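One structure below.
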Amino acid sequence: MKKDIILAGVGGQGILSIATIIGYAVVKTDLYLKQAEAHGMSQRGGAVESHLRISDKEIHSDLVPHGRSDMIISLEPMESLRYFPYLKHDGWLITNITPFVNIPNYPEMEHLLKEIKGHKNSIAIDSDAIAKEIGSPRSMNMVMLGASAPFLEIPFEMLEDGIRAVFGRKGEDIVQKNLDALNRGRDFTEKHINK
Amino acid sequence: MDKLLLLGDEALAQGALDAGLSGAYGYPGTPSTEIFEYVQHSKEAAQRNVHRTWSANEKTAMEEALGMSYTGKRALVTMKHVGLNVAADPFVNSGITGANGGLVVAVADDPSMHSSQNEQDSRHYGRFALVPVFEPSNQQEAYNMTFDAFALSEKYETPVIMRLVTRLSHSRAGIVRTDQLKENEIKLPENPNQFVLLPAFARTNYINLIEKQKLLEKESENSKYNEYHDGKDKSLGIIACGLGYNYVKENHVEAECEYPILKICQYPLPRKLIQKIVDECDEILVVEDGMPVVEEWLRGYLDNCLKIKGRMDGTLPRWGELDPAKLRTALGLEPHPIKEIPDIVKGRPPELCKGCPHRDSYTALNEAMKEYGPGHVFGDIGCYTLGFLPPFNAINSCVDMGASISMAVGAADSGLFPSIAVIGDSTFGHSGMTPLLDAVNSKANIVAFILDNSIVAMTGMQDSAVTGRVEDICLGIGVDKEHLRVINPLKSHHEENVKIIKDEINYNGVSVIIPRRPCIHIAAKLRKQK
């Protein structure tokens with residue numbers, strides 16, 4: 001088993017929580033994991049990425065090699081495209097389609113969607129909208145984690161356990177909303193790939 | 001045993017705690033900050049009462065750690081690579097005094113300058129000060145090596161550098177803890193002259209330090225971290241240092257590497273192992289994350305002894321962080337097919353947060369400066385450096401901690417008017433007080449802004465050493481009370497703030513303006529405390 005994942009987004013959107021929950025799940029198994037993330041200046045509203053590698057064999061590089069990523073999980077549509085050079089030809093591009101516009105020259109949405117859908121394997125999901133529906137806009141990142149769950153080869157219950165561990169101290173209500181978000185994301189992808 | 005999921009920084013910190021640490025000292029700086037924070041938030045460190053308060057800057061941190069080592073206890077000092085420049089005076093001299101209790105200097109380098117002004121390589125400092133260096137290639141090594149670093153430090157009475165790089169500092173992996181050592185008791189140095197660097201003793205100590213190098217070299221030759229892996233094809237030998245080793249291995253996942261590889265993670269260089277690979281192989285490829293340090297040593301000035309490939313001949317890029325793809329090219333392997341980034345993807349640089357007090361400070365400053373044109377504002381190191389970017393375009397320099405005030409003084413001496421400095425509260429505490437003293441003493445015509453957001457924001461909300469005391473410090477330094485102005489950087493105070501700034505620009509002498517409003521990331525917390 002080997003999964004090389006790029007997590008992408010804008011500083012503050014919550015890619016590190018996704019990484020933390022996957023990390024929490026994996027560290028309880030015999031799998032190896034490396035997860036490289038960005039800190040410091042790059043966090044302030046700029047493009048951020050995290051490289052997540054899971055394998056049943058020893059992992060050498062902390063960085064995913066170019067052209068070898070099995071999936072990109074992106075919290076923002078333009079950011080999902082920034083990491084194309086990492087993605088395998090048949091890797092999955094799983095992205096939120098609500099744009100985060102904080103630059104003057106942000107591209108047209110239809111152009112972005114065309115690029116996203118032009119990739120062989122893609123899941124384009126409005127996770128902001130889903131998170132709002134369940135009354136927890138900040139759980140958008142957990143919708144995205146759910147949407148990528150069918151490709152992760154990690155038991156779904158372990159991701160749920162990860163959410164309980166990471167959000168536990170914030171109270172049962174927050175835990176439940178994030179579990180809902182996770183489930184809604186997974187349902188979306190399952191429907192999409194079974195179509 | 002359960003694995004802990006830790007950043008390289010955190011693994012080092014856990015290693016230090018388990019190796020019997022009595023005190024951590026440091027100043028925040030990406031990518032080193034999490035080493036210290038891990039100790040700070042550790043329950044175990046609290047129970048043992050391990051020292052864990054941030055220092056004012058890296059120099060004081062280094063000296064405080066040296067003081068703890070003097071007493072026989074184990075001390076850790078943490079900083080980013082450019083922080084070691086600030087601490088260079090005590091660091092280099094600590095090589096000459098040597099250590100008593102174990103002294104580990106954990107320095108995180110930043111190849112590619114993700115969050116830094118340069119990509120200097122701390123291994124240079126190790127050689128400069130004749131101090132051994134450990135360079136872990138993964139998180140478990142960062143943990144294990146810290147034990148060995150303390151042991152080596154006490155065995156040879158020398159400080160030891162633990163050199164990390166961004167990619168290890170900020171990458172997590174599962175690590176397994178080993179035994180835990182007890183802290184040392186106080187035991188002053190056996191030789192009462194050890195820490196007295198009067199020239200007579202300094203000479204003796206320096207001679208000892210030079211003599212010690214042979215023993216340290218032997219330690220490197222026998223180190224489990226410096227491994228020779230044989231290979232059938234001797235047309236090339238690979239010397240891979242620290243993380244460079246991982247990138248070589250990454251390109252040989254399916255099949256063993258056919259070339260001999262010498263992995264180096266402990267310095268001074270293991271002479272015998274280097275000799276072996278050089279004798280056996282026709283050519284040598286040197287792979288190191290950071291500057292071509294080992295490559296340069298091997299080439300020598302005339303570069304006419306060996307066939308060497310690396311960063312200096314273009315086999316690998318001359319600068320910047322390594323990655324698996326760069327190694328693939330260097331090893332002559334077929335590159336993996338790559339999908340290009342679509343043209344519609346635009347750059348998204350970092351920016352000041354919405355609601356950040358610095359936004360209002362820069363808006364007011366820009367308006368007050370409109371009549372003078374660009375080129376008058378000296379910046380410093382912190383979130384407010386982002387004021388360089390649009391829409392503010394407010395600062396004209398960013399060099400090193402504290403340089404805003406000193407450069408403004410120099411420019412004012414030269415006749416530049418107005419000459420403005422913009423510095424944050426913590427950076428002021430780190431290195432801004434002494435240049436302000438210069439400004440007062442020379443009656444320089446400057447306006448120094450001390451942006452007080454009550455926290456070290458850029459590195460992730462560490463305590464600032466001067467919170468609540470900025471005015472007192474300025475008055476103590478000799479700033480005139482009439483020209484020490486505190487303003488509230490809010491839109492609603494804009495007109496008033498612009499007027500105060502204009503007034504102080506027109507005052508011929510040292511003015512200090514303190515725009516004070518907490519960083520939005522701590523504002524809610526501070527409100528609760530009240």
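All residue names refer to the structure tokens as shown: chains lettered A, B, ... in order, residues numbered from 1 in each chain, ligands numbered from 1 in order.
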**Message:** Using only C-alpha atoms, I'd like every residue of chain B that has an atom within 6 Å of chain A; please write them out as number ranges by chain.
**Reply:** B: 30, 115, 170-173, 246-247, 250, 324, 336-341, 348-351, 459
**Request:** Write out as an MDAnalysis selection string each polymer residue whose atoms come within 9 Å of B:Asp400, counting only C-alpha atoms; drop sequence neighbours fewer than 6 positions from it.
**Result:** chainID B and resid 82 117 380:381
So that I have them on file, write out the residues from the current selection with C-alpha atoms, as a compact mmCIF listing (two decimals), in the first residue's frame.
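The resulting file, again_21.txt, is shown below:
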# COMPACT_ATOMS: atom_id res chain seq x y z
CA VAL B 82 20.38 33.47 10.81
CA GLN B 117 16.69 36.26 4.14
CA ASP B 380 12.47 44.93 9.71
CA ILE B 381 11.74 41.23 10.26
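Take the candidates A:Ile123, A:Arg186, A:Gly9, A:Glu76 and check each one against A:Phe156 using only C-alpha atoms; the shortest distance goes to A:Arg186.
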**Request:** Give the alpha helix (DSSP H) residues of stretch 292-330 of chain B, as assigned by DSSP on the backbone, as a PyMOL selection string.
**Result:** chain B and resi 293-299+324-330
Include N, CA and C atoms and write out the residues we just selected as a tab-separated table (two decimals), in the first residue's frame.
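Written out: result-v8.tsv:
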chain	number	residue	atom	x	y	z
B	293	VAL	N	28.75	22.57	0.93
B	293	VAL	CA	29.78	22.67	1.97
B	293	VAL	C	30.80	21.54	1.82
B	294	VAL	N	30.31	20.31	1.87
B	294	VAL	CA	31.22	19.17	1.76
B	294	VAL	C	31.87	19.16	0.38
B	295	GLU	N	31.08	19.51	-0.62
B	295	GLU	CA	31.61	19.54	-1.99
B	295	GLU	C	32.80	20.50	-2.09
B	296	GLU	N	32.65	21.65	-1.48
B	296	GLU	CA	33.72	22.65	-1.54
B	296	GLU	C	34.97	22.15	-0.80
B	297	TRP	N	34.76	21.52	0.36
B	297	TRP	CA	35.91	20.99	1.10
B	297	TRP	C	36.64	19.94	0.26
B	298	LEU	N	35.87	19.07	-0.39
B	298	LEU	CA	36.50	18.00	-1.16
B	298	LEU	C	37.23	18.53	-2.38
B	299	ARG	N	36.62	19.51	-3.03
B	299	ARG	CA	37.26	20.06	-4.24
B	299	ARG	C	38.55	20.78	-3.90
B	324	PRO	N	13.25	14.99	-4.76
B	324	PRO	CA	13.54	13.74	-5.49
B	324	PRO	C	13.77	13.97	-6.99
B	325	ALA	N	13.04	14.92	-7.59
B	325	ALA	CA	13.18	15.14	-9.04
B	325	ALA	C	14.57	15.67	-9.40
B	326	LYS	N	15.09	16.57	-8.56
B	326	LYS	CA	16.43	17.12	-8.85
B	326	LYS	C	17.48	16.00	-8.80
B	327	LEU	N	17.29	15.08	-7.85
B	327	LEU	CA	18.22	13.96	-7.74
B	327	LEU	C	18.10	13.03	-8.94
B	328	ARG	N	16.86	12.86	-9.41
B	328	ARG	CA	16.62	12.00	-10.56
B	328	ARG	C	17.44	12.47	-11.75
B	329	THR	N	17.40	13.76	-11.97
B	329	THR	CA	18.17	14.35	-13.06
B	329	THR	C	19.67	14.13	-12.83
B	330	ALA	N	20.11	14.41	-11.60
B	330	ALA	CA	21.53	14.29	-11.29
B	330	ALA	C	22.03	12.85	-11.46
**Message:** Can you pull out every residue from stretch 33-159 of chain A that DSSP, working from the backbone, puts in strand (DSSP E), and format the result as a PyMOL selection string?
**Reply:** chain A and resi 33-37+47-55+69-74+87-96+121-125
Store the residues picked out above, limited to N, CA, C and O atoms, as a short mmCIF file (atom, residue, chain, number, x, y, z; two decimals), in the first residue's frame.
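Below is the file again-v6.cif, written as the result:
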data_model
loop_
_atom_site.label_atom_id
_atom_site.label_comp_id
_atom_site.auth_asym_id
_atom_site.auth_seq_id
_atom_site.Cartn_x
_atom_site.Cartn_y
_atom_site.Cartn_z
N LEU A 33 4.41 6.82 7.82
CA LEU A 33 3.82 8.09 7.39
C LEU A 33 4.86 9.20 7.45
O LEU A 33 5.68 9.23 8.37
N LYS A 34 4.84 10.07 6.46
CA LYS A 34 5.59 11.32 6.55
C LYS A 34 4.68 12.44 6.09
O LYS A 34 3.95 12.27 5.11
N GLN A 35 4.71 13.54 6.78
CA GLN A 35 3.81 14.64 6.42
C GLN A 35 4.55 15.96 6.58
O GLN A 35 4.86 16.40 7.67
N ALA A 36 4.85 16.57 5.44
CA ALA A 36 5.61 17.82 5.44
C ALA A 36 4.64 18.98 5.25
O ALA A 36 3.75 18.92 4.41
N GLU A 37 4.81 20.02 6.05
CA GLU A 37 3.87 21.14 5.98
C GLU A 37 4.58 22.47 5.99
O GLU A 37 5.77 22.56 6.29
N ALA A 47 -0.70 30.81 -0.74
CA ALA A 47 -0.87 29.42 -1.15
C ALA A 47 -0.11 28.52 -0.17
O ALA A 47 1.04 28.79 0.14
N VAL A 48 -0.77 27.48 0.34
CA VAL A 48 -0.08 26.54 1.23
C VAL A 48 -0.28 25.11 0.75
O VAL A 48 -1.31 24.78 0.14
N GLU A 49 0.71 24.28 1.02
CA GLU A 49 0.64 22.88 0.61
C GLU A 49 1.20 22.01 1.72
O GLU A 49 2.00 22.46 2.54
N SER A 50 0.76 20.79 1.75
CA SER A 50 1.33 19.82 2.66
C SER A 50 1.48 18.52 1.89
O SER A 50 0.61 18.15 1.11
N HIS A 51 2.60 17.86 2.09
CA HIS A 51 2.85 16.59 1.41
C HIS A 51 2.62 15.46 2.40
O HIS A 51 3.23 15.45 3.47
N LEU A 52 1.75 14.52 2.06
CA LEU A 52 1.41 13.45 2.97
C LEU A 52 1.71 12.13 2.28
O LEU A 52 1.21 11.86 1.19
N ARG A 53 2.55 11.32 2.91
CA ARG A 53 2.94 10.05 2.30
C ARG A 53 2.64 8.92 3.27
O ARG A 53 3.03 8.97 4.44
N ILE A 54 1.94 7.92 2.78
CA ILE A 54 1.58 6.76 3.61
C ILE A 54 2.05 5.53 2.85
O ILE A 54 1.83 5.42 1.65
N SER A 55 2.68 4.58 3.55
CA SER A 55 3.16 3.39 2.85
C SER A 55 3.35 2.24 3.84
O SER A 55 3.56 2.46 5.03
N SER A 69 2.21 11.76 -7.39
CA SER A 69 1.16 11.87 -6.39
C SER A 69 -0.09 11.12 -6.82
O SER A 69 -0.53 11.22 -7.96
N ASP A 70 -0.67 10.34 -5.88
CA ASP A 70 -1.88 9.59 -6.17
C ASP A 70 -3.11 10.48 -6.12
O ASP A 70 -4.12 10.17 -6.73
N MET A 71 -3.03 11.54 -5.34
CA MET A 71 -4.16 12.47 -5.31
C MET A 71 -3.77 13.84 -4.78
O MET A 71 -2.81 13.98 -4.03
N ILE A 72 -4.55 14.82 -5.26
CA ILE A 72 -4.47 16.16 -4.71
C ILE A 72 -5.80 16.40 -4.00
O ILE A 72 -6.86 16.18 -4.60
N ILE A 73 -5.74 16.79 -2.75
CA ILE A 73 -6.95 17.19 -2.04
C ILE A 73 -6.83 18.69 -1.84
O ILE A 73 -5.92 19.15 -1.13
N SER A 74 -7.72 19.46 -2.51
CA SER A 74 -7.56 20.91 -2.45
C SER A 74 -8.81 21.57 -1.88
O SER A 74 -9.93 21.24 -2.26
N LEU A 87 1.05 15.50 -9.73
CA LEU A 87 -0.01 14.49 -9.88
C LEU A 87 0.32 13.48 -10.97
O LEU A 87 0.76 13.83 -12.07
N LYS A 88 0.07 12.20 -10.65
CA LYS A 88 0.20 11.16 -11.66
C LYS A 88 -0.83 11.41 -12.75
O LYS A 88 -1.89 11.98 -12.49
N HIS A 89 -0.55 10.90 -13.91
CA HIS A 89 -1.45 11.04 -15.05
C HIS A 89 -2.87 10.58 -14.68
O HIS A 89 -3.87 11.21 -15.04
N ASP A 90 -2.97 9.47 -13.94
CA ASP A 90 -4.29 8.95 -13.57
C ASP A 90 -4.60 9.17 -12.08
O ASP A 90 -5.46 8.51 -11.51
N GLY A 91 -3.88 10.11 -11.46
CA GLY A 91 -4.15 10.42 -10.05
C GLY A 91 -5.47 11.17 -9.91
O GLY A 91 -5.98 11.74 -10.87
N TRP A 92 -6.01 11.20 -8.70
CA TRP A 92 -7.29 11.86 -8.46
C TRP A 92 -7.09 13.31 -8.05
O TRP A 92 -6.27 13.61 -7.19
N LEU A 93 -7.89 14.18 -8.68
CA LEU A 93 -7.90 15.61 -8.31
C LEU A 93 -9.21 15.85 -7.59
O LEU A 93 -10.28 15.78 -8.21
N ILE A 94 -9.14 16.08 -6.28
CA ILE A 94 -10.36 16.22 -5.47
C ILE A 94 -10.36 17.63 -4.92
O ILE A 94 -9.50 17.99 -4.13
N THR A 95 -11.31 18.43 -5.39
CA THR A 95 -11.22 19.84 -4.98
C THR A 95 -12.57 20.46 -4.64
O THR A 95 -13.60 20.11 -5.22
N ASN A 96 -12.51 21.36 -3.68
CA ASN A 96 -13.62 22.26 -3.38
C ASN A 96 -13.74 23.24 -4.56
O ASN A 96 -12.72 23.62 -5.14
N ASN A 121 -9.25 12.02 -13.82
CA ASN A 121 -10.01 11.62 -12.63
C ASN A 121 -10.18 12.81 -11.70
O ASN A 121 -9.22 13.22 -11.06
N SER A 122 -11.39 13.37 -11.68
CA SER A 122 -11.55 14.51 -10.79
C SER A 122 -12.88 14.47 -10.05
O SER A 122 -13.87 13.93 -10.54
N ILE A 123 -12.86 15.01 -8.84
CA ILE A 123 -14.07 15.19 -8.04
C ILE A 123 -14.14 16.67 -7.72
O ILE A 123 -13.26 17.20 -7.03
N ALA A 124 -15.16 17.36 -8.24
CA ALA A 124 -15.34 18.78 -7.95
C ALA A 124 -16.57 18.92 -7.07
O ALA A 124 -17.67 18.56 -7.47
N ILE A 125 -16.38 19.40 -5.88
CA ILE A 125 -17.46 19.40 -4.89
C ILE A 125 -17.55 20.78 -4.23
O ILE A 125 -16.52 21.39 -3.94
#
